[in-house]
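Enquirer: Structure incoming, see below.
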Amino acid sequence: MIEDKQLLIVGGTKRNIGKTSLIERIIKKFSSDYDIVAFKIKTIYPNDTFFHGTDTNPLSADEKFRLIEEKNANGNEDTNRMLKAGAKKVFKIKTKANYISYAYEELKNKINNNSLLICESNTLRKTVNPSIYLFVKEANSNDMKPSAKEVIKFANKIILTDGKNHDFNIEEICVKNNMWLLK
């Protein structure tokens with residue numbers, strides 16, 4: 001297991017429940033004082049289009065992962081929104097499940113060692129122990145994708161949402177000695 005105290009991971013039960021909006025709020029709060037690198041991981045499992053939607057640019061058979069830096073803050077994709085919120089750099093990672101740790105190490109090689117990291121992913125939590133793992137769950141539903149079921153037990157905080165509003169006060173997060181912390 002990789003330990004990374006500069007990493008905050010936000011995961012959740014399914015798509016479209018407010019993970020990215022929570023990340024945007026965190027980035028906006030801290031980006032004026034810290035270099036923040038944000039990234040979103042799309043982990044590819046066989047037959048999982050239900051959870052990710054249609055993949056318009058799939059990995060080739062021999063491609064293990066793809067790491068792309070987001071440069072456009074004007075779009076509506078999650079990575080565009082992270083960049084617009086104030087992250088210094090933003091990346092998209094598309095990876096086959098068995099190669100997530102390799103993709104993460106590749107990302108770490110491309111960034112400043114003093115940067116704070118914030119990631120949208122469930123699967124990364126299986127291989128990396130972050131400083132904070134926030135888990136977003138729909139308040140009135142127990143629906144949960146398989147990757148979420150595997151990692152909810154690691155959550156430092158389960159945040160209930162209606163899809164737009166969270167029952168979480170962003171002031172509960174702080175940074176000390178270049179590490180994310182919950183107060």
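The chains in the structure tokens are called A, B, ... from first to last as shown; in each chain the residues are counted from 1, and the ligands are counted from 1 in the order shown.
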Quick one: contact table of stretch 12-117 of chain A to stretch 173-178 of chain A, 9 Å max, nearest atom pair and distance in Å to one decimal per residue, counting only C-alpha atoms, chain and number order, as a tab-separated table?
Expert:
```
residue	atom	partner	partner_atom	distance
A:Ile26	CA	A:Ile173	CA	8.3
A:Phe30	CA	A:Val175	CA	8.5
A:Tyr34	CA	A:Asn178	CA	8.6
A:Asn114	CA	A:Asn178	CA	7.3
A:Ser115	CA	A:Asn178	CA	8.1
A:Leu116	CA	A:Asn178	CA	7.0
```
Enquirer: Go ahead and save the residues from that selection, with N, CA and C atoms, as a tab-separated table (two decimals), in the first residue's frame.
Expert:
```
chain	number	residue	atom	x	y	z
A	26	ILE	N	-13.27	22.56	-2.36
A	26	ILE	CA	-11.99	22.38	-1.66
A	26	ILE	C	-10.88	23.12	-2.39
A	30	PHE	N	-8.45	26.36	-0.97
A	30	PHE	CA	-7.03	26.21	-0.67
A	30	PHE	C	-6.07	26.65	-1.79
A	34	TYR	N	-1.90	27.23	-1.65
A	34	TYR	CA	-1.15	26.00	-1.95
A	34	TYR	C	-1.25	25.66	-3.43
A	114	ASN	N	6.01	19.23	-3.83
A	114	ASN	CA	5.38	20.00	-2.76
A	114	ASN	C	3.90	20.24	-2.99
A	115	SER	N	3.37	19.79	-4.11
A	115	SER	CA	1.95	20.02	-4.43
A	115	SER	C	1.05	19.16	-3.55
A	116	LEU	N	-0.08	19.74	-3.19
A	116	LEU	CA	-1.14	18.97	-2.56
A	116	LEU	C	-1.96	18.34	-3.68
```
Enquirer: Env of A:Ile158: 9 Å cut, atoms = only C-alpha atoms, seq-sep filter 3 positions within chain, self excluded. Answer as a VMD selection string.
Expert: chain A and resid 12 133 to 137 152 155 168
Enquirer: Using only C-alpha atoms, can you tell me which of A:Lys64, A:Lys153, A:Lys126, A:Lys164 comes closest to A:Leu22?
Expert: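 Checking each of A:Lys64, A:Lys153, A:Lys126, A:Lys164 against A:Leu22, counting only C-alpha atoms, the winner is A:Lys164.
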Enquirer: DSSP on the backbone, alpha helix (DSSP H) only: what residues of stretch 12-183 of chain A does that give? Format it as an MDAnalysis selection string.
Expert: chainID A and resid 19:30 49:52 78:85 100:109 146:151
Enquirer: Output N, CA and C atoms of each residue in that selection to a file, as a short mmCIF file (atom, residue, chain, number, x, y, z; two decimals), in the first residue's frame.
Expert:
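Here's the written file again.cif:
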```cif
data_model
loop_
_atom_site.label_atom_id
_atom_site.label_comp_id
_atom_site.auth_asym_id
_atom_site.auth_seq_id
_atom_site.Cartn_x
_atom_site.Cartn_y
_atom_site.Cartn_z
N LYS A 19 -19.60 14.73 -6.33
CA LYS A 19 -18.19 14.58 -5.97
C LYS A 19 -17.36 15.74 -6.52
N THR A 20 -17.56 16.06 -7.78
CA THR A 20 -16.77 17.12 -8.39
C THR A 20 -17.10 18.48 -7.79
N SER A 21 -18.35 18.74 -7.47
CA SER A 21 -18.68 20.04 -6.86
C SER A 21 -18.02 20.17 -5.49
N LEU A 22 -17.92 19.08 -4.75
CA LEU A 22 -17.21 19.10 -3.47
C LEU A 22 -15.72 19.39 -3.71
N ILE A 23 -15.13 18.73 -4.69
CA ILE A 23 -13.72 18.97 -5.02
C ILE A 23 -13.51 20.43 -5.42
N GLU A 24 -14.41 20.98 -6.21
CA GLU A 24 -14.30 22.39 -6.61
C GLU A 24 -14.26 23.30 -5.38
N ARG A 25 -15.12 23.05 -4.43
CA ARG A 25 -15.15 23.86 -3.21
C ARG A 25 -13.83 23.76 -2.44
N ILE A 26 -13.27 22.56 -2.36
CA ILE A 26 -11.99 22.38 -1.66
C ILE A 26 -10.88 23.12 -2.39
N ILE A 27 -10.83 22.97 -3.71
CA ILE A 27 -9.81 23.66 -4.50
C ILE A 27 -9.92 25.17 -4.32
N LYS A 28 -11.13 25.71 -4.42
CA LYS A 28 -11.32 27.15 -4.27
C LYS A 28 -10.85 27.65 -2.91
N LYS A 29 -11.09 26.86 -1.88
CA LYS A 29 -10.69 27.27 -0.54
C LYS A 29 -9.17 27.30 -0.36
N PHE A 30 -8.45 26.36 -0.97
CA PHE A 30 -7.03 26.21 -0.67
C PHE A 30 -6.07 26.65 -1.79
N THR A 49 -19.87 -0.28 -18.35
CA THR A 49 -20.38 0.94 -18.99
C THR A 49 -21.55 1.55 -18.22
N PHE A 50 -22.27 0.77 -17.46
CA PHE A 50 -23.38 1.30 -16.67
C PHE A 50 -22.90 2.38 -15.72
N PHE A 51 -21.71 2.19 -15.12
CA PHE A 51 -21.21 3.13 -14.14
C PHE A 51 -20.47 4.32 -14.75
N HIS A 52 -19.83 4.12 -15.90
CA HIS A 52 -19.04 5.19 -16.51
C HIS A 52 -19.72 5.83 -17.71
N ASP A 78 -15.57 17.26 -15.72
CA ASP A 78 -15.10 17.39 -14.34
C ASP A 78 -13.70 18.00 -14.28
N THR A 79 -12.80 17.57 -15.17
CA THR A 79 -11.44 18.09 -15.13
C THR A 79 -11.39 19.56 -15.54
N ASN A 80 -12.25 20.00 -16.46
CA ASN A 80 -12.33 21.42 -16.80
C ASN A 80 -12.73 22.23 -15.57
N ARG A 81 -13.70 21.70 -14.85
CA ARG A 81 -14.21 22.38 -13.66
C ARG A 81 -13.15 22.48 -12.56
N MET A 82 -12.34 21.44 -12.41
CA MET A 82 -11.26 21.46 -11.41
C MET A 82 -10.23 22.53 -11.74
N LEU A 83 -9.91 22.65 -13.02
CA LEU A 83 -8.96 23.66 -13.47
C LEU A 83 -9.53 25.06 -13.26
N LYS A 84 -10.79 25.23 -13.60
CA LYS A 84 -11.45 26.53 -13.43
C LYS A 84 -11.54 26.92 -11.95
N ALA A 85 -11.65 25.93 -11.07
CA ALA A 85 -11.75 26.19 -9.63
C ALA A 85 -10.43 26.70 -9.04
N ILE A 100 -3.61 0.75 -11.85
CA ILE A 100 -3.88 2.04 -11.22
C ILE A 100 -2.67 2.57 -10.44
N SER A 101 -1.94 1.70 -9.76
CA SER A 101 -0.77 2.18 -9.01
C SER A 101 0.33 2.67 -9.94
N TYR A 102 0.47 2.05 -11.10
CA TYR A 102 1.46 2.51 -12.09
C TYR A 102 1.06 3.88 -12.64
N ALA A 103 -0.21 4.06 -12.92
CA ALA A 103 -0.70 5.34 -13.41
C ALA A 103 -0.48 6.43 -12.36
N TYR A 104 -0.72 6.10 -11.10
CA TYR A 104 -0.52 7.06 -10.02
C TYR A 104 0.95 7.45 -9.90
N GLU A 105 1.83 6.49 -9.97
CA GLU A 105 3.27 6.77 -9.90
C GLU A 105 3.71 7.64 -11.08
N GLU A 106 3.16 7.39 -12.26
CA GLU A 106 3.47 8.21 -13.44
C GLU A 106 3.03 9.65 -13.21
N LEU A 107 1.84 9.83 -12.64
CA LEU A 107 1.37 11.17 -12.31
C LEU A 107 2.33 11.86 -11.34
N LYS A 108 2.71 11.17 -10.29
CA LYS A 108 3.61 11.74 -9.27
C LYS A 108 4.93 12.17 -9.89
N ASN A 109 5.39 11.47 -10.92
CA ASN A 109 6.64 11.84 -11.59
C ASN A 109 6.51 13.11 -12.41
N PRO A 146 -20.03 -1.31 -7.47
CA PRO A 146 -19.14 -2.28 -6.81
C PRO A 146 -17.86 -1.66 -6.24
N SER A 147 -17.23 -0.74 -6.96
CA SER A 147 -15.98 -0.15 -6.44
C SER A 147 -16.23 0.62 -5.15
N ALA A 148 -17.39 1.20 -5.02
CA ALA A 148 -17.73 1.95 -3.81
C ALA A 148 -17.93 1.00 -2.63
N LYS A 149 -18.58 -0.12 -2.87
CA LYS A 149 -18.82 -1.10 -1.80
C LYS A 149 -17.51 -1.59 -1.20
N GLU A 150 -16.48 -1.69 -2.04
CA GLU A 150 -15.19 -2.20 -1.58
C GLU A 150 -14.44 -1.21 -0.68
N VAL A 151 -14.68 0.09 -0.84
CA VAL A 151 -13.83 1.07 -0.15
C VAL A 151 -14.55 1.97 0.85
#
```
Enquirer: Taking the DSSP secondary structure from the backbone, can you list the residues of stretch 6-160 of chain A that are strand (DSSP E or B), as a VMD selection string?
Expert: chain A and resid 6 to 12 36 to 44 65 to 70 89 to 96 116 to 120 128 to 138 157 to 160
Enquirer: Could you name the residues that touch A:Met179 at 7 Å or less, counting only C-alpha atoms, but leaving out those on the same chain fewer than 4 positions away, as a PyMOL selection string?
Expert: chain A and resi 5-6+131+175
Enquirer: Store the residues picked out above in a file with N, CA and C atoms, as a short mmCIF file (atom, residue, chain, number, x, y, z; two decimals), in the first residue's frame.
Expert:
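File written: part25.cif
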```
data_model
loop_
_atom_site.label_atom_id
_atom_site.label_comp_id
_atom_site.auth_asym_id
_atom_site.auth_seq_id
_atom_site.Cartn_x
_atom_site.Cartn_y
_atom_site.Cartn_z
N LYS A 5 0.40 11.36 2.26
CA LYS A 5 -0.26 12.32 3.14
C LYS A 5 -0.55 13.65 2.46
N GLN A 6 -0.06 13.84 1.22
CA GLN A 6 -0.38 15.04 0.46
C GLN A 6 -1.63 14.83 -0.40
N SER A 131 -4.17 10.97 3.05
CA SER A 131 -4.36 11.67 4.31
C SER A 131 -5.85 11.70 4.68
N VAL A 175 -4.86 22.27 6.22
CA VAL A 175 -3.56 21.78 5.76
C VAL A 175 -2.54 22.17 6.81
#
```
Enquirer: Just the number, please: distance in Å from atom CA of A:Leu181 to atom CA of A:Lys110, one decimal.
Expert: 24.2 Å
Enquirer: Select, from A:Ile9, A:Asp62, A:Lys42, A:Ala139, the residue with the minimum atom-to-atom distance to A:Trp180, counting only C-alpha atoms.
Expert: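 Nearest candidate to A:Trp180 out of A:Ile9, A:Asp62, A:Lys42, A:Ala139: A:Ile9.
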Enquirer: Give me, please, the distance in Å between atom CA of A:Glu138 and atom CA of A:Ile17, quoted to one decimal.
Expert: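 Separation of atom CA of A:Glu138 and atom CA of A:Ile17: 6.8 Å.
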Enquirer: Can you pull out the residues contacting A:Thr95? Cut-off 6 Å, using only C-alpha atoms, and skip same-chain residues under 2 positions away; I want them as an MDAnalysis selection string.
Expert: chainID A and resid 43:44 65 100
Enquirer: When you count only C-alpha atoms, which of these residues is closest to A:Lys145: A:Asp162, A:Asn112, A:Lys89, A:Arg15?
Expert: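 Nearest candidate to A:Lys145 out of A:Asp162, A:Asn112, A:Lys89, A:Arg15: A:Arg15.
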Enquirer: Please provide as a PyMOL selection string all residues within 6 Å of A:Phe91, with the sequence filter that same-chain residues fewer than 5 positions apart are discarded (counting only C-alpha atoms).
Expert: chain A and resi 39+68-70
Enquirer: Any chance you could export the current selection's C-alpha atoms as an mmCIF file, in the first residue's frame?
Expert:
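File produced: selection_1.cif:
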```cif
data_model
loop_
_atom_site.group_PDB
_atom_site.id
_atom_site.type_symbol
_atom_site.label_atom_id
_atom_site.label_comp_id
_atom_site.auth_asym_id
_atom_site.auth_seq_id
_atom_site.Cartn_x
_atom_site.Cartn_y
_atom_site.Cartn_z
ATOM 1 C CA PHE A 39 -7.016 14.526 -11.108
ATOM 2 C CA ILE A 68 -3.597 13.391 -20.041
ATOM 3 C CA GLU A 69 -3.070 16.882 -18.660
ATOM 4 C CA GLU A 70 -6.190 19.041 -18.867
#
```
Enquirer: For atom CA of A:Asn165 and atom CA of A:Gly18, determine how far apart the two atoms are, in Å to one decimal place.
Expert: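 So the answer is 7.7 Å.
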